[in-house]
file target-v1.pdb (PDB, C-alpha atoms and all ligand atoms)
ATOM      1  CA  MET A  14      31.018 113.049 224.055  1.00  0.00           C
ATOM      2  CA  ARG A  15      27.653 111.378 224.449  1.00  0.00           C
ATOM      3  CA  CYS A  16      26.333 109.707 221.312  1.00  0.00           C
ATOM      4  CA  TRP A  17      22.577 109.947 220.734  1.00  0.00           C
ATOM      5  CA  SER A  18      22.328 107.412 217.967  1.00  0.00           C
ATOM      6  CA  GLU A  19      19.693 104.788 218.612  1.00  0.00           C
ATOM      7  CA  SER A  20      20.790 102.409 215.911  1.00  0.00           C
ATOM      8  CA  ALA A  21      23.117  99.512 216.469  1.00  0.00           C
ATOM      9  CA  THR A  22      24.120  96.539 214.384  1.00  0.00           C
ATOM     10  CA  THR A  23      25.347  93.086 215.255  1.00  0.00           C
ATOM     11  CA  GLY A  24      27.775  93.272 212.326  1.00  0.00           C
ATOM     12  CA  GLU A  25      29.083  89.769 211.762  1.00  0.00           C
ATOM     13  CA  GLY A  26      27.387  88.666 214.969  1.00  0.00           C
ATOM     14  CA  ARG A  27      29.558  87.827 217.956  1.00  0.00           C
ATOM     15  CA  PHE A  28      28.733  86.391 221.343  1.00  0.00           C
ATOM     16  CA  ARG A  29      30.855  86.779 224.441  1.00  0.00           C
ATOM     17  CA  VAL A  30      30.741  84.041 227.041  1.00  0.00           C
ATOM     18  CA  ASN A  31      32.128  84.824 230.476  1.00  0.00           C
ATOM     19  CA  ALA A  32      32.548  82.126 233.099  1.00  0.00           C
ATOM     20  CA  ASN A  33      32.438  82.990 236.774  1.00  0.00           C
ATOM     21  CA  GLY A  34      32.830  79.789 238.738  1.00  0.00           C
ATOM     22  CA  LYS A  35      29.862  77.649 237.787  1.00  0.00           C
ATOM     23  CA  LEU A  36      27.911  80.623 236.452  1.00  0.00           C
ATOM     24  CA  LEU A  37      27.923  81.896 232.899  1.00  0.00           C
ATOM     25  CA  ASP A  38      27.106  85.233 231.368  1.00  0.00           C
ATOM     26  CA  VAL A  39      26.390  85.297 227.652  1.00  0.00           C
ATOM     27  CA  TRP A  40      26.180  88.561 225.735  1.00  0.00           C
ATOM     28  CA  LEU A  41      25.527  89.450 222.142  1.00  0.00           C
ATOM     29  CA  LEU A  42      27.836  92.257 221.062  1.00  0.00           C
ATOM     30  CA  VAL A  43      26.352  95.109 219.074  1.00  0.00           C
ATOM     31  CA  ARG A  44      28.016  98.150 217.588  1.00  0.00           C
ATOM     32  CA  CYS A  45      26.598 101.677 217.353  1.00  0.00           C
ATOM     33  CA  VAL A  46      26.210 102.573 213.681  1.00  0.00           C
ATOM     34  CA  SER A  47      27.368 106.157 214.161  1.00  0.00           C
ATOM     35  CA  CYS A  48      30.191 106.056 216.734  1.00  0.00           C
ATOM     36  CA  ASP A  49      31.277 102.389 216.503  1.00  0.00           C
ATOM     37  CA  ARG A  50      31.074 101.949 220.272  1.00  0.00           C
ATOM     38  CA  THR A  51      30.417  98.338 221.228  1.00  0.00           C
ATOM     39  CA  SER A  52      27.780  97.421 223.756  1.00  0.00           C
ATOM     40  CA  LYS A  53      26.432  94.153 225.054  1.00  0.00           C
ATOM     41  CA  LEU A  54      22.951  92.697 225.010  1.00  0.00           C
ATOM     42  CA  THR A  55      22.405  90.254 227.832  1.00  0.00           C
ATOM     43  CA  VAL A  56      21.419  86.826 226.533  1.00  0.00           C
ATOM     44  CA  HIS A  57      21.992  84.862 229.756  1.00  0.00           C
ATOM     45  CA  GLU A  58      22.851  86.373 233.104  1.00  0.00           C
ATOM     46  CA  ARG A  59      24.568  84.366 235.831  1.00  0.00           C
ATOM     47  CA  ALA A  60      23.087  81.133 234.541  1.00  0.00           C
ATOM     48  CA  SER A  61      24.319  77.828 235.903  1.00  0.00           C
ATOM     49  CA  VAL A  62      26.679  76.006 233.503  1.00  0.00           C
ATOM     50  CA  THR A  63      24.584  72.871 233.925  1.00  0.00           C
ATOM     51  CA  SER A  64      21.483  74.676 232.649  1.00  0.00           C
ATOM     52  CA  PHE A  65      23.058  74.930 229.173  1.00  0.00           C
ATOM     53  CA  ASP A  66      22.735  72.335 226.496  1.00  0.00           C
ATOM     54  CA  PRO A  67      26.432  71.680 225.611  1.00  0.00           C
ATOM     55  CA  ALA A  68      25.631  71.916 221.883  1.00  0.00           C
ATOM     56  CA  GLU A  69      24.050  75.336 222.439  1.00  0.00           C
ATOM     57  CA  LEU A  70      27.113  76.468 224.367  1.00  0.00           C
ATOM     58  CA  ASP A  71      29.322  75.385 221.461  1.00  0.00           C
ATOM     59  CA  ARG A  72      27.184  77.485 219.132  1.00  0.00           C
ATOM     60  CA  TYR A  73      27.663  80.543 221.375  1.00  0.00           C
ATOM     61  CA  HIS A  74      31.427  79.995 221.325  1.00  0.00           C
ATOM     62  CA  ALA A  75      31.365  79.557 217.532  1.00  0.00           C
ATOM     63  CA  ASN A  76      29.249  82.735 217.014  1.00  0.00           C
ATOM     64  CA  ASP A  77      26.749  80.652 215.082  1.00  0.00           C
ATOM     65  CA  PRO A  78      24.950  83.104 212.724  1.00  0.00           C
ATOM     66  CA  GLU A  79      21.645  81.247 213.043  1.00  0.00           C
ATOM     67  CA  LEU A  80      21.837  81.526 216.801  1.00  0.00           C
ATOM     68  CA  VAL A  81      22.592  85.258 216.504  1.00  0.00           C
ATOM     69  CA  ALA A  82      19.484  85.673 214.335  1.00  0.00           C
ATOM     70  CA  SER A  83      17.244  83.603 216.565  1.00  0.00           C
ATOM     71  CA  ARG A  84      18.383  85.414 219.714  1.00  0.00           C
ATOM     72  CA  LEU A  85      17.769  88.812 218.089  1.00  0.00           C
ATOM     73  CA  LEU A  86      14.244  87.708 217.191  1.00  0.00           C
ATOM     74  CA  ASP A  87      13.549  86.493 220.723  1.00  0.00           C
ATOM     75  CA  PRO A  88      11.026  88.921 222.266  1.00  0.00           C
ATOM     76  CA  LEU A  89      12.364  88.142 225.748  1.00  0.00           C
ATOM     77  CA  LEU A  90      15.838  89.308 224.807  1.00  0.00           C
ATOM     78  CA  ALA A  91      14.412  92.488 223.304  1.00  0.00           C
ATOM     79  CA  ARG A  92      12.357  93.212 226.399  1.00  0.00           C
ATOM     80  CA  ARG A  93      15.208  92.514 228.804  1.00  0.00           C
ATOM     81  CA  ASN A  94      17.546  94.784 226.863  1.00  0.00           C
ATOM     82  CA  ARG A  95      14.899  97.360 225.938  1.00  0.00           C
ATOM     83  CA  PHE A  96      15.405  97.428 222.205  1.00  0.00           C
ATOM     84  CA  THR A  97      13.128  97.128 219.225  1.00  0.00           C
ATOM     85  CA  LEU A  98      14.207  95.825 215.878  1.00  0.00           C
ATOM     86  CA  ASP A  99      13.809  98.065 212.891  1.00  0.00           C
ATOM     87  CA  TRP A 100      12.799  96.096 209.796  1.00  0.00           C
ATOM     88  CA  LYS A 101      12.543  99.082 207.439  1.00  0.00           C
ATOM     89  CA  GLY A 102      14.004  98.022 204.124  1.00  0.00           C
ATOM     90  CA  ALA A 103      14.965  94.654 205.554  1.00  0.00           C
ATOM     91  CA  TRP A 104      12.958  92.680 203.027  1.00  0.00           C
ATOM     92  CA  ARG A 105      11.955  92.501 199.394  1.00  0.00           C
ATOM     93  CA  LEU A 106       9.673  90.242 197.434  1.00  0.00           C
ATOM     94  CA  ASP A 107      11.416  88.606 194.487  1.00  0.00           C
ATOM     95  CA  THR A 108       8.885  87.912 191.760  1.00  0.00           C
ATOM     96  CA  SER A 109       9.245  86.442 188.345  1.00  0.00           C
ATOM     97  CA  PRO A 110       8.477  89.064 185.646  1.00  0.00           C
ATOM     98  CA  ALA A 111       6.454  86.423 183.782  1.00  0.00           C
ATOM     99  CA  TRP A 112       3.707  86.294 186.362  1.00  0.00           C
ATOM    100  CA  LEU A 113       1.577  88.967 184.668  1.00  0.00           C
ATOM    101  CA  ASP A 114       1.256  86.907 181.493  1.00  0.00           C
ATOM    102  CA  GLU A 115      -0.334  83.986 183.261  1.00  0.00           C
ATOM    103  CA  ALA A 116      -4.047  83.285 183.182  1.00  0.00           C
ATOM    104  CA  TRP A 117      -6.000  84.735 186.094  1.00  0.00           C
ATOM    105  CA  PRO A 118      -6.263  84.054 188.914  1.00  0.00           C
ATOM    106  CA  VAL A 119      -2.594  83.644 189.782  1.00  0.00           C
ATOM    107  CA  GLN A 120      -1.463  81.824 192.866  1.00  0.00           C
ATOM    108  CA  VAL A 121       1.712  83.109 194.538  1.00  0.00           C
ATOM    109  CA  GLU A 122       3.703  81.329 197.190  1.00  0.00           C
ATOM    110  CA  VAL A 123       5.802  83.473 199.528  1.00  0.00           C
ATOM    111  CA  VAL A 124       8.881  81.849 201.032  1.00  0.00           C
ATOM    112  CA  PHE A 125      10.901  83.640 203.713  1.00  0.00           C
ATOM    113  CA  GLU A 126      14.673  83.399 203.634  1.00  0.00           C
ATOM    114  CA  ASP A 127      14.810  84.798 207.162  1.00  0.00           C
ATOM    115  CA  PRO A 128      11.953  84.986 209.651  1.00  0.00           C
ATOM    116  CA  ILE A 129      11.484  88.749 209.461  1.00  0.00           C
ATOM    117  CA  PRO A 130       8.020  89.983 210.454  1.00  0.00           C
ATOM    118  CA  VAL A 131       6.265  91.613 207.497  1.00  0.00           C
ATOM    119  CA  ARG A 132       2.696  92.735 206.950  1.00  0.00           C
ATOM    120  CA  PRO A 133       1.397  90.688 204.009  1.00  0.00           C
ATOM    121  CA  ASP A 134      -0.593  93.627 202.546  1.00  0.00           C
ATOM    122  CA  ARG A 135       2.566  95.768 202.389  1.00  0.00           C
ATOM    123  CA  LEU A 136       4.674  92.941 201.018  1.00  0.00           C
ATOM    124  CA  ILE A 137       2.152  92.199 198.272  1.00  0.00           C
ATOM    125  CA  ALA A 138       1.518  95.865 197.407  1.00  0.00           C
ATOM    126  CA  GLN A 139       5.211  96.629 197.088  1.00  0.00           C
ATOM    127  CA  GLY A 140       6.193  93.327 195.498  1.00  0.00           C
ATOM    128  CA  LEU A 141       3.510  93.361 192.814  1.00  0.00           C
ATOM    129  CA  GLY A 142       3.199  97.116 192.343  1.00  0.00           C
ATOM    130  CA  LEU A 143      -0.442  97.199 193.463  1.00  0.00           C
ATOM    131  CA  SER A 144      -2.162  99.942 195.424  1.00  0.00           C
ATOM    132  CA  ARG A 145      -3.400  99.126 198.918  1.00  0.00           C
ATOM    133  CA  ASN A 146      -6.975  99.237 197.593  1.00  0.00           C
ATOM    134  CA  GLU A 147      -6.127  96.808 194.821  1.00  0.00           C
ATOM    135  CA  VAL A 148      -4.580  94.494 197.383  1.00  0.00           C
ATOM    136  CA  LEU A 149      -7.790  94.533 199.421  1.00  0.00           C
ATOM    137  CA  ARG A 150      -9.911  93.926 196.325  1.00  0.00           C
ATOM    138  CA  ARG A 151      -7.831  91.444 194.376  1.00  0.00           C
ATOM    139  CA  ILE A 152      -5.945  89.369 196.923  1.00  0.00           C
ATOM    140  CA  LYS A 153      -7.406  86.257 198.480  1.00  0.00           C
ATOM    141  CA  CYS A 154      -5.385  84.897 201.359  1.00  0.00           C
ATOM    142  CA  ASP A 155      -5.885  82.441 204.216  1.00  0.00           C
ATOM    143  CA  ILE A 156      -4.038  84.582 206.735  1.00  0.00           C
ATOM    144  CA  PRO A 157      -4.962  88.104 207.918  1.00  0.00           C
ATOM    145  CA  LEU A 158      -3.303  90.550 205.530  1.00  0.00           C
ATOM    146  CA  ARG A 159      -2.722  93.264 208.117  1.00  0.00           C
ATOM    147  CA  ARG A 160      -1.108  91.140 210.788  1.00  0.00           C
ATOM    148  CA  PRO A 161       2.677  90.734 210.528  1.00  0.00           C
ATOM    149  CA  THR A 162       3.839  87.234 209.741  1.00  0.00           C
ATOM    150  CA  SER A 163       7.275  85.718 209.439  1.00  0.00           C
ATOM    151  CA  ALA A 164       6.219  82.349 208.082  1.00  0.00           C
ATOM    152  CA  GLY A 165       5.609  81.495 204.460  1.00  0.00           C
ATOM    153  CA  PHE A 166       2.116  81.798 203.035  1.00  0.00           C
ATOM    154  CA  THR A 167       0.227  81.551 199.775  1.00  0.00           C
ATOM    155  CA  PHE A 168      -2.107  84.086 198.235  1.00  0.00           C
ATOM    156  CA  THR A 169      -4.172  84.347 195.080  1.00  0.00           C
ATOM    157  CA  VAL A 170      -4.321  87.398 192.834  1.00  0.00           C
ATOM    158  CA  MET A 171      -7.686  87.823 191.149  1.00  0.00           C
ATOM    159  CA  ALA A 172      -7.989  89.475 187.728  1.00  0.00           C
ATOM    160  CA  GLY A 173      -8.120  93.281 187.712  1.00  0.00           C
ATOM    161  CA  ASP A 174     -10.971  95.253 186.161  1.00  0.00           C
TER     162      ASP A 174
HETATM  163 ZN    ZN A 201      27.062 105.848 219.167  1.00  0.00          ZN
END

call {"tool": "encode", "arguments": {"input": "target-v1.pdb", "output": "structure tokens", "more": "lines below"}}
Ligand SMILES: [Zn+2]
result
Amino acid sequence: MRCWSESATTGEGRFRVNANGKLLDVWLLVRCVSCDRTSKLTVHERASVTSFDPAELDRYHANDPELVASRLLDPLLARRNRFTLDWKGAWRLDTSPAWLDEAWPVQVEVVFEDPIPVRPDRLIAQGLGLSRNEVLRRIKCDIPLRRPTSAGFTFTVMAGD
């Protein structure tokens, strides 16, 4: 039976390295979330062994979680394998409950645990319980609020009315 699910997960994150003479194929294994079928995302295809940094090759063999994450975030890999990542619900903003008692304006520093692309206006609205209009009115930020970022940034919350 054909499965129509479009969602797959890397689970624990495993690479498969296949040697063919002096050429290597490297795949990232992903599993369909509804039928459990495993498929392979091509990371390297028929690449010469000598083109690999030996340390990188070790990390593929060791299924290095950081390498799994960085490969998944690589736009080239996504394009080659025709997938898009779904970040819905993949983030939250942890805030200290004390922040509302501070004197205005309040400066907030956002630190990412993983480089997941998030729109700052959404992150701030959800994290601080503000409406989108309040975000536009009360937030001062050096980076564009509507453009997704995956690097840390700082913003300032101005006093409300
Ligand atoms: Zn499936």

call {"tool": "residues_near_ligand", "arguments": {"input": "target-v1.pdb", "ligand": "ligand ZN 201 (chain A)", "cutoff": "12 Å", "atoms": "all atoms listed in the file", "output": "list in words"}}
result
Met14, Arg15, Cys16, Trp17, Ser18, Glu19, Ser20, Ala21, Thr22, Val43, Arg44, Cys45, Val46, Ser47, Cys48, Asp49, Arg50, Thr51 and Ser52 of chain A

call {"tool": "closest_residue", "arguments": {"input": "target-v1.pdb", "among": "A:Arg105, A:Arg27, A:Arg72, A:Arg84", "to": "Glu126 (chain A)", "atoms": "only C-alpha atoms"}}
result
A:Arg105

call {"tool": "closest_residue", "arguments": {"input": "target-v1.pdb", "among": "A:Ile152, A:Leu85, A:Val62, A:Val123", "to": "Asn33 (chain A)", "atoms": "all atoms listed in the file"}}
result
A:Val62

call {"tool": "closest_residue", "arguments": {"input": "target-v1.pdb", "among": "A:Cys154, A:Ala164, A:Leu98, A:Val170", "to": "Phe125 (chain A)", "atoms": "only C-alpha atoms"}}
result
A:Ala164

call {"tool": "closest_residue", "arguments": {"input": "target-v1.pdb", "among": "A:Pro161, A:Arg150, A:Glu122, A:Asp99", "to": "Arg135 (chain A)", "atoms": "all atoms listed in the file"}}
result
A:Pro161

call {"tool": "residues_near_point", "arguments": {"input": "target-v1.pdb", "point": "(-7.1, 84.4, 190.8)", "cutoff": "12 Å", "atoms": "all atoms listed in the file", "output": "short mmCIF file (atom, residue, chain, number, x, y, z; two decimals) with C-alpha atoms, in the frame of the given file"}}
result
data_model
loop_
_atom_site.label_atom_id
_atom_site.label_comp_id
_atom_site.auth_asym_id
_atom_site.auth_seq_id
_atom_site.Cartn_x
_atom_site.Cartn_y
_atom_site.Cartn_z
CA TRP A 112 3.71 86.29 186.36
CA LEU A 113 1.58 88.97 184.67
CA GLU A 115 -0.33 83.99 183.26
CA ALA A 116 -4.05 83.28 183.18
CA TRP A 117 -6.00 84.74 186.09
CA PRO A 118 -6.26 84.05 188.91
CA VAL A 119 -2.59 83.64 189.78
CA GLN A 120 -1.46 81.82 192.87
CA VAL A 121 1.71 83.11 194.54
CA ARG A 150 -9.91 93.93 196.32
CA ARG A 151 -7.83 91.44 194.38
CA ILE A 152 -5.94 89.37 196.92
CA LYS A 153 -7.41 86.26 198.48
CA CYS A 154 -5.38 84.90 201.36
CA THR A 167 0.23 81.55 199.78
CA PHE A 168 -2.11 84.09 198.24
CA THR A 169 -4.17 84.35 195.08
CA VAL A 170 -4.32 87.40 192.83
CA MET A 171 -7.69 87.82 191.15
CA ALA A 172 -7.99 89.48 187.73
CA GLY A 173 -8.12 93.28 187.71
#

call {"tool": "closest_residue", "arguments": {"input": "target-v1.pdb", "among": "A:Ala91, A:Pro157, A:Val56, A:Val30", "to": "Leu70 (chain A)", "atoms": "all atoms listed in the file"}}
result
A:Val30

call {"tool": "atom_distance", "arguments": {"input": "target-v1.pdb", "atom1": "CA of Leu86 (chain A)", "atom2": "CA of Leu141 (chain A)"}}
result
27.2 Å

call {"tool": "atom_distance", "arguments": {"input": "target-v1.pdb", "atom1": "CA of Arg132 (chain A)", "atom2": "CA of Asp155 (chain A)"}}
result
13.7 Å

call {"tool": "atom_distance", "arguments": {"input": "target-v1.pdb", "atom1": "CA of Arg160 (chain A)", "atom2": "CA of Arg145 (chain A)"}}
result
14.5 Å

call {"tool": "residues_around", "arguments": {"input": "target-v1.pdb", "residues": "Asn94 (chain A)", "least_positions_apart": "4", "cutoff": "10 Å", "atoms": "only C-alpha atoms", "output": "list in words"}}
result
Lys53, Leu54, Thr55, Val56, Pro88, Leu89 and Leu90 of chain A

call {"tool": "residues_around", "arguments": {"input": "target-v1.pdb", "residues": "Pro128 (chain A)", "least_positions_apart": "4", "cutoff": "9 Å", "atoms": "all atoms listed in the file", "output": "PDB file with C-alpha atoms, keeping the file's coordinate frame"}}
result
ATOM      1  CA  ALA A  82      19.484  85.673 214.335  1.00  0.00           C
ATOM      2  CA  SER A  83      17.244  83.603 216.565  1.00  0.00           C
ATOM      3  CA  LEU A  86      14.244  87.708 217.191  1.00  0.00           C
ATOM      4  CA  THR A 162       3.839  87.234 209.741  1.00  0.00           C
ATOM      5  CA  SER A 163       7.275  85.718 209.439  1.00  0.00           C
ATOM      6  CA  ALA A 164       6.219  82.349 208.082  1.00  0.00           C
ATOM      7  CA  GLY A 165       5.609  81.495 204.460  1.00  0.00           C
TER       8      GLY A 165
END

call {"tool": "axis_aligned_box", "arguments": {"input": "target-v1.pdb", "around": "region 76-84 of chain A", "padding_each_side": "5 Å", "output": "AutoDock Vina command-line options"}}
result
--center_x 23.2 --center_y 83.2 --center_z 216.2 --size_x 22.0 --size_y 15.0 --size_z 17.0

call {"tool": "residues_around", "arguments": {"input": "target-v1.pdb", "residues": "Ala75 (chain A)", "least_positions_apart": "3", "cutoff": "12 Å", "atoms": "only C-alpha atoms", "output": "list in words"}}
result
Glu25, Gly26, Arg27, Phe28, Arg29, Val30, Ala68, Glu69, Leu70, Asp71, Arg72, Pro78, Glu79, Leu80 and Val81 of chain A

call {"tool": "residues_near_point", "arguments": {"input": "target-v1.pdb", "point": "(24.3, 74.5, 235.2)", "cutoff": "6 Å", "atoms": "all atoms listed in the file", "output": "list in words"}}
result
Ser61, Val62, Thr63 and Ser64 of chain A

call {"tool": "write_last_selection", "arguments": {"input": "target-v1.pdb", "atoms": "C-alpha atoms", "output": "tab-separated table (two decimals), in the frame of the given file"}}
result
chain	number	residue	atom	x	y	z
A	61	SER	CA	24.32	77.83	235.90
A	62	VAL	CA	26.68	76.01	233.50
A	63	THR	CA	24.58	72.87	233.92
A	64	SER	CA	21.48	74.68	232.65

call {"tool": "closest_residue", "arguments": {"input": "target-v1.pdb", "among": "A:Trp104, A:Tyr73, A:Arg159, A:Leu143", "to": "Val124 (chain A)", "atoms": "all atoms listed in the file"}}
result
A:Trp104
